[in-house]
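Q: Okay, here's the structure, questions in a sec.
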Number of protein chains: 2
Amino acid sequence: MDLERVIKRINSKNVRTVGLQFPEGLKTQAIKIAKKIENETEATVIISGDPCFGACDVSDSKMKGFIDLIVHYGHTPLPLKYEVPTVFVEAFANIDVKKTLKKSMDLLKDYSKIALVTTTQHLHLLDEIKDYLEDNGKEIVLGSSKSTRKGQVLGCNFSSIKKLDAELYLFIGSGSFHPLGVYLFTKKPVLAIDPYNGESREISDFADKILRIRFARIVKAKEAKKWGIIVSSKEGQYRMNLAKDIKKLLEDSKMEAYIILLENINPDALLPYMDLDSFVVTACPRIAIDDSQMYKKPLITPQELEIVLNKREWKDYQLDEILFHERYD
Amino acid sequence: MDLERVIKRINSKNVRTVGLQFPEGLKTQAIKIAKKIENETEATVIISGDPCFGACDVSDSKMKGFIDLIVHYGHTPLPLKYEVPTVFVEAFANIDVKKTLKKSMDLLKDYSKIALVTTTQHLHLLDEIKDYLEDNGKEIVLGSSKSTRKGQVLGCNFSSIKKLDAELYLFIGSGSFHPLGVYLFTKKPVLAIDPYNGESREISDFADKILRIRFARIVKAKEAKKWGIIVSSKEGQYRMNLAKDIKKLLEDSKMEAYIILLENINPDALLPYMDLDSFVVTACPRIAIDDSQMYKKPLITPQELEIVLNKREWKDYQLDEILFHERYD
């Protein structure tokens with residue numbers, strides 16, 4: 001992580017109080033980095049300890065008024081208006097992807113035009129991977145969008161890969177959510193390479209499994225009469241207008257609907273609302289999908305609600321995305 | 001709960017969006033109350049689902065900009081500047097205290113001048129209890145302060161009872177924290193009557209037990225070289241200036257100290273900071289005492305830190321309190 005650049009910025013701008021924010025996996029680095037900054041600058045460091053899962057979640061509104069600069073680690077900036085000057089420091093996973101890539105070449109043999117897709121922490125590997133694949137006779141395409149870097153997707157935004165002309169999407173990274181999204185938005189083959197465990201797998205079987213779970217949730221949600229609509233107060237996840245539209249839609253369909261504002265969404269936070277039969281999540285689109293098994297009541301996305309209300313067909317199933325101008329509608 | 005008054009206010013002020021906030025024990029009432037308000041007014045209700053433990057914790061900064069009125073249940077207002085017009089609705093526990101009181105009269109026989117003390121949800125019982133005790137020949141005193149009602153104490157503020165002239169303090173309510181505070185701040189006998197389970201007990205044994213635990217924490221904290229100083233971003237718990245003073249104090253004593261800003265303090269939130277040996281909590285004073293057993297590292301109050309640093313004697317042990325002007329120092 002580019003700490004020297006941060007220290008230079010603090011010293012050159014006469015920053016007196018600096019806020020540090022880390023995603024969950026990097027919080028263990030917080031004290032070490034705070035110490036170095038306080039040793040090499042005149043600034044006092046305040047570490048944000050709240051849960052943080054993305055650049056949708058910058059601690060700017062909480063730190064406004066007493067922090068001159070926020071240093072946000074591990075995510076690329078989103079097109080949001082941050083209330084405090086914020087430096088985004090990418091945290092790159094230090095791994096050797098080439099070995100896994102070599103092993104996977106056989107799976108790519110039938111494809112000549114390949115789109116590369118990854119998440120923030122592996123963006124720095126893309127050039128190397130692109131070179132390697134081109135040396136092996138592949139044509140490589142990379143997408144971009146105003147919310148992401150070249151080749152990058154977010155759990156809540158797949159704009160970059162939607163209009164690419166490619167025969168196969170090669171996803172580099174861990175977890176299944178991002179390649180699932182690439183598959184659902186492109187309907188093309190997606191090969192996911194996990195550089196941590198060296199595994200590569202075609203994602204369609206996993207996608208089928210997830211779609212079966214989603215179908216079951218939608219069937220269950222069709223029985224619901226009383227709904228909760230969850231809005232997150234996190235800057236980049238806040239979609240109150242969408243929530244109000246959904247409330248109206250449900251009420252027009254003769255159902256009850258109540259808007260619940262939460263900073264962090266988790267099963268305990270929903271326990272008090274036992275009166276409600278089902279929830280629509282307008283916050284992070286991953287919650288309803290990734291955490292599905294943790295909740296007793298169905299949690300569904302706004303797009304899934306359209307299927308429940310017969311306003312969208314199952315064959316047009318799609319993941320939820322956050323368009324970052326919605327916050328300011 | 002005085003819902004008719006709330007509905008009247010919403011209708012008379014032309015409120016379009018109303019925020020509802022409940023402490024944990026009342027959140028199960030949220031949907032019922034939201035429904036009634038939406039049926040009897042033109043307003044849209046937004047329920048705040050975040051954890052809420054006091055009037056230190058009003059959701060005003062999160063609801064600012066899209067809410068015309070907050071209805072905050074279960075707490076009395078604090079002398080804070082709330083950013084959105086807020087109505088405080090007290091939630092009274094509907095219980096019969098007289099029976100338990102009668103059973104306890106024998107324990108009061110040696111005392112003629114008694115101070116009554118309670119928490120928000122039993123304030124409405126005080127008149128009845130006062131009458132009963134006066135009818136039985138006791139002289140009753142009630143304290144007040146600018147942070148509390150007559151006879152009321154908060155977990156973070158015992159101003160109301162400090163300068164009373166009484167031989168015994170009679171606490172009405174559940175839990176041990178409040179009577180512990182009354183005992184430590186007055187050094188007088190405290191009888192705690194729990195109207196829920198009908199028990200009454202003299203609090204000094206419990207206080208001794210807690211003090212032994214605090215002494216052990218302080219001894220352990222004396223070994224610490226690297227400290228975390230916890231600040232809550234909750235409006236009424238935010239004491240950044242105190243945290244910065246503590247940081248300076250620790251650094252002047254040749255130790256390391258790092259400020260961590262958190263909205264909700266819990267063991268998981270502190271797990272990433274394994275490098276640190278001990279924590280000073282400037283947030284809610286109950287956390288270090290009530291939740292002590294949940295944390296592996298010592299969590300201590302600012303007053304306990306003074307003992308650690310030999311700036312206060314053990315015999316002058318005192319609970320932490322929040323003085324509500326500190327927020328604006």
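How things are named: the first chain in the structure tokens is A, the next is B, and so on; residues count from 1 in each chain; ligands count from 1 in the order shown.
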Just want the 6 Å neighbourhood of segment 207-222 of chain B, counted on only C-alpha atoms, with same-chain residues fewer than 3 positions away dropped. Output as an MDAnalysis selection string.
A: chainID B and resid 180 204 298 308
Q: Can you spit out the residues from that selection as a short mmCIF file (atom, residue, chain, number, x, y, z; two decimals), in the first residue's frame, using all heavy atoms?
A:
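Resulting contents of part.cif:
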data_model
loop_
_atom_site.label_atom_id
_atom_site.label_comp_id
_atom_site.auth_asym_id
_atom_site.auth_seq_id
_atom_site.Cartn_x
_atom_site.Cartn_y
_atom_site.Cartn_z
N LEU B 180 -25.80 0.81 41.50
CA LEU B 180 -24.35 0.82 41.74
C LEU B 180 -23.82 2.25 41.66
O LEU B 180 -23.06 2.70 42.52
CB LEU B 180 -23.65 -0.05 40.69
CG LEU B 180 -22.13 0.06 40.62
CD1 LEU B 180 -21.49 -0.64 41.81
CD2 LEU B 180 -21.57 -0.53 39.31
N SER B 204 -24.75 -2.93 48.41
CA SER B 204 -23.32 -2.84 48.72
C SER B 204 -22.52 -4.11 48.39
O SER B 204 -21.38 -4.02 47.94
CB SER B 204 -23.11 -2.43 50.19
OG SER B 204 -23.66 -3.42 51.02
N PRO B 298 -8.36 -5.60 28.67
CA PRO B 298 -9.07 -4.71 29.61
C PRO B 298 -9.66 -3.50 28.88
O PRO B 298 -8.99 -2.85 28.08
CB PRO B 298 -7.97 -4.25 30.57
CG PRO B 298 -6.82 -5.16 30.37
CD PRO B 298 -6.92 -5.69 28.97
N VAL B 308 -4.66 3.90 36.89
CA VAL B 308 -3.56 3.17 36.24
C VAL B 308 -2.30 4.04 36.21
O VAL B 308 -1.19 3.57 36.46
CB VAL B 308 -3.96 2.76 34.80
CG1 VAL B 308 -2.75 2.26 34.01
CG2 VAL B 308 -5.05 1.69 34.84
#
Q: If the cut-off is 8 Å, can you tell me the residues of chain B near chain A, counting only C-alpha atoms? I'd like them as a ChimeraX atom specification.
A: /B:27-28,30-31,34,45-51,62,233,258-264,269-270,272-275
Q: Would you return as a VMD selection string the members of segment 88-313 of chain A that DSSP assigns to helix (DSSP H, G or I) on this structure's backbone?
A: chain A and resid 98 to 108 120 to 135 159 to 161 177 to 186 204 to 221 235 to 237 240 to 252 267 to 270 286 to 290 292 to 294 302 to 308
Q: Mind checking which residues fall within 9 Å of Gln121 of chain A, counting only C-alpha atoms, ignoring those fewer than 4 positions away in the same chain, and posting them as a PDB file with C-alpha atoms, in the first residue's frame?
A:
ATOM      1  CA  GLY A  74      -8.770  -1.096  -0.395  1.00  0.00           C
ATOM      2  CA  HIS A  75     -11.379   0.379  -2.736  1.00  0.00           C
ATOM      3  CA  GLU A  90      -5.655   0.546  -3.442  1.00  0.00           C
ATOM      4  CA  ALA A  91      -4.499  -2.516  -1.581  1.00  0.00           C
ATOM      5  CA  PHE A  92      -3.038  -5.025  -3.959  1.00  0.00           C
ATOM      6  CA  ALA A  93      -2.978  -8.692  -3.127  1.00  0.00           C
ATOM      7  CA  ASN A  94       0.586  -9.865  -3.508  1.00  0.00           C
ATOM      8  CA  LEU A 125      -2.271  -8.130 -12.351  1.00  0.00           C
ATOM      9  CA  GLY A 173     -10.272 -13.230  -7.976  1.00  0.00           C
TER      10      GLY A 173
END
Q: Near Thr41 of chain B, within 9 Å and counting only C-alpha atoms, which residues show up once chain neighbours fewer than 4 positions away are dropped, as a PyMOL selection string?
A: chain B and resi 7-8+10-11+15-16+36-37
Q: Can you list every residue in segment 42-144 of chain B that DSSP puts in strand (DSSP E or B), as a list of chain:residue names?
A: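 Those in segment 42-144 of chain B that DSSP calls strand (DSSP E or B) are B:Thr44, B:Val45, B:Ile46, B:Ile47, B:Ser48, B:Leu69, B:Ile70, B:Val71, B:His72, B:Tyr73, B:Thr86, B:Val87, B:Phe88, B:Val89, B:Lys113, B:Ile114, B:Ala115, B:Leu116, B:Val117, B:Thr118, B:Glu139, B:Ile140, B:Val141.
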Q: Just want the 10 Å neighbourhood of Val117 of chain A, counted on only C-alpha atoms, with same-chain residues fewer than 4 positions away dropped. Output as number ranges by chain.
A: A: 122-123, 126, 141-144, 150-153, 158, 160-161, 169-173, 178-179, 182, 190, 192
Q: Using only C-alpha atoms, determine which residues lie at most 8 Å from Glu321 of chain A, disregarding the query and same-chain residues fewer than 3 positions distant; provide the list as an NGL selection string.
A: :A and (156-158 or 285)
Q: Which polymer residues have any atom within 12 Å of an atom of Leu249 of chain B, counting only C-alpha atoms, with same-chain residues fewer than 6 positions away left out, as a list in words?
A: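 That gives Trp227, Ile229, Leu242, Ala243, Met255, Glu256, Ala257, Pro302, Leu305, Glu306, Val308, Leu309, Asn310 and Lys311 of chain B.
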Q: Those residues you just picked out, can you put them in a file as a tab-separated table (two decimals), in the first residue's frame with all heavy atoms?
A:
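Output (part-v3.tsv):
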chain	number	residue	atom	x	y	z
B	227	TRP	N	-2.09	1.43	23.68
B	227	TRP	CA	-3.49	1.68	24.06
B	227	TRP	C	-4.36	2.03	22.87
B	227	TRP	O	-3.93	2.73	21.96
B	227	TRP	CB	-3.55	2.84	25.04
B	227	TRP	CG	-2.97	2.54	26.39
B	227	TRP	CD1	-1.65	2.55	26.73
B	227	TRP	CD2	-3.70	2.20	27.57
B	227	TRP	NE1	-1.50	2.22	28.06
B	227	TRP	CE2	-2.75	2.00	28.60
B	227	TRP	CE3	-5.05	2.03	27.86
B	227	TRP	CZ2	-3.12	1.65	29.90
B	227	TRP	CZ3	-5.43	1.69	29.15
B	227	TRP	CH2	-4.46	1.50	30.16
B	229	ILE	N	-7.93	4.13	22.25
B	229	ILE	CA	-8.87	5.06	22.91
B	229	ILE	C	-10.12	5.09	22.04
B	229	ILE	O	-10.08	5.48	20.88
B	229	ILE	CB	-8.27	6.47	23.03
B	229	ILE	CG1	-6.94	6.41	23.78
B	229	ILE	CG2	-9.25	7.41	23.73
B	229	ILE	CD1	-6.09	7.65	23.58
B	242	LEU	N	-11.77	14.79	24.93
B	242	LEU	CA	-11.31	13.94	26.03
B	242	LEU	C	-10.35	12.87	25.50
B	242	LEU	O	-9.29	12.61	26.08
B	242	LEU	CB	-12.52	13.29	26.71
B	242	LEU	CG	-12.24	12.24	27.78
B	242	LEU	CD1	-11.46	12.85	28.94
B	242	LEU	CD2	-13.55	11.62	28.29
B	243	ALA	N	-10.70	12.26	24.36
B	243	ALA	CA	-9.86	11.21	23.77
B	243	ALA	C	-8.48	11.76	23.42
B	243	ALA	O	-7.45	11.11	23.67
B	243	ALA	CB	-10.54	10.62	22.53
B	255	MET	N	3.95	5.94	26.37
B	255	MET	CA	3.21	4.82	25.81
B	255	MET	C	2.64	5.21	24.45
B	255	MET	O	2.60	6.38	24.09
B	255	MET	CB	2.12	4.40	26.78
B	255	MET	CG	2.74	3.82	28.05
B	255	MET	SD	1.59	2.99	29.10
B	255	MET	CE	1.07	4.36	30.13
B	256	GLU	N	2.22	4.19	23.69
B	256	GLU	CA	1.56	4.46	22.42
B	256	GLU	C	0.06	4.48	22.62
B	256	GLU	O	-0.47	3.72	23.43
B	256	GLU	CB	1.90	3.36	21.40
B	256	GLU	CG	3.33	3.39	20.92
B	256	GLU	CD	3.62	2.28	19.91
B	256	GLU	OE1	2.71	1.90	19.16
B	256	GLU	OE2	4.76	1.80	19.90
B	257	ALA	N	-0.62	5.35	21.86
B	257	ALA	CA	-2.08	5.45	22.00
B	257	ALA	C	-2.70	5.81	20.66
B	257	ALA	O	-2.21	6.72	19.98
B	257	ALA	CB	-2.44	6.49	23.05
B	302	PRO	N	-12.11	6.48	31.63
B	302	PRO	CA	-11.08	7.52	31.80
B	302	PRO	C	-10.66	7.69	33.27
B	302	PRO	O	-9.47	7.92	33.55
B	302	PRO	CB	-11.78	8.78	31.27
B	302	PRO	CG	-12.78	8.27	30.28
B	302	PRO	CD	-13.27	6.98	30.85
B	305	LEU	N	-8.33	4.96	34.15
B	305	LEU	CA	-7.00	5.22	33.58
B	305	LEU	C	-6.18	6.12	34.52
B	305	LEU	O	-4.98	5.92	34.68
B	305	LEU	CB	-7.12	5.88	32.20
B	305	LEU	CG	-5.77	6.23	31.56
B	305	LEU	CD1	-4.96	4.97	31.21
B	305	LEU	CD2	-5.94	7.11	30.32
B	306	GLU	N	-6.86	7.08	35.16
B	306	GLU	CA	-6.15	7.94	36.11
B	306	GLU	C	-5.53	7.10	37.23
B	306	GLU	O	-4.42	7.39	37.69
B	306	GLU	CB	-7.09	8.99	36.70
B	306	GLU	CG	-7.56	10.02	35.68
B	306	GLU	CD	-8.64	10.96	36.22
B	306	GLU	OE1	-8.97	10.86	37.43
B	306	GLU	OE2	-9.15	11.78	35.45
B	308	VAL	N	-4.66	3.90	36.89
B	308	VAL	CA	-3.56	3.17	36.24
B	308	VAL	C	-2.30	4.04	36.21
B	308	VAL	O	-1.19	3.57	36.46
B	308	VAL	CB	-3.96	2.76	34.80
B	308	VAL	CG1	-2.75	2.26	34.01
B	308	VAL	CG2	-5.05	1.69	34.84
B	309	LEU	N	-2.49	5.33	35.91
B	309	LEU	CA	-1.34	6.23	35.75
B	309	LEU	C	-0.95	6.93	37.06
B	309	LEU	O	-0.19	7.91	37.05
B	309	LEU	CB	-1.66	7.28	34.68
B	309	LEU	CG	-1.92	6.75	33.26
B	309	LEU	CD1	-2.33	7.88	32.33
B	309	LEU	CD2	-0.70	6.01	32.70
B	310	ASN	N	-1.48	6.43	38.17
B	310	ASN	CA	-1.18	6.99	39.50
B	310	ASN	C	-1.55	8.46	39.63
B	310	ASN	O	-0.90	9.21	40.34
B	310	ASN	CB	0.30	6.79	39.83
B	310	ASN	CG	0.68	5.32	39.85
B	310	ASN	OD1	-0.06	4.49	40.39
B	310	ASN	ND2	1.81	4.99	39.22
B	311	LYS	N	-2.60	8.86	38.93
B	311	LYS	CA	-3.07	10.24	39.04
B	311	LYS	C	-4.35	10.32	39.87
B	311	LYS	O	-4.92	11.39	40.06
B	311	LYS	CB	-3.31	10.83	37.65
B	311	LYS	CG	-2.02	10.98	36.85
B	311	LYS	CD	-2.22	11.61	35.50
B	311	LYS	CE	-0.96	11.57	34.66
B	311	LYS	NZ	0.20	12.24	35.27
Q: Report, in Å to a single decimal, how far apart atom CA of Asp320 of chain A and atom CA of Ile114 of chain A are.
A: 25.0 Å
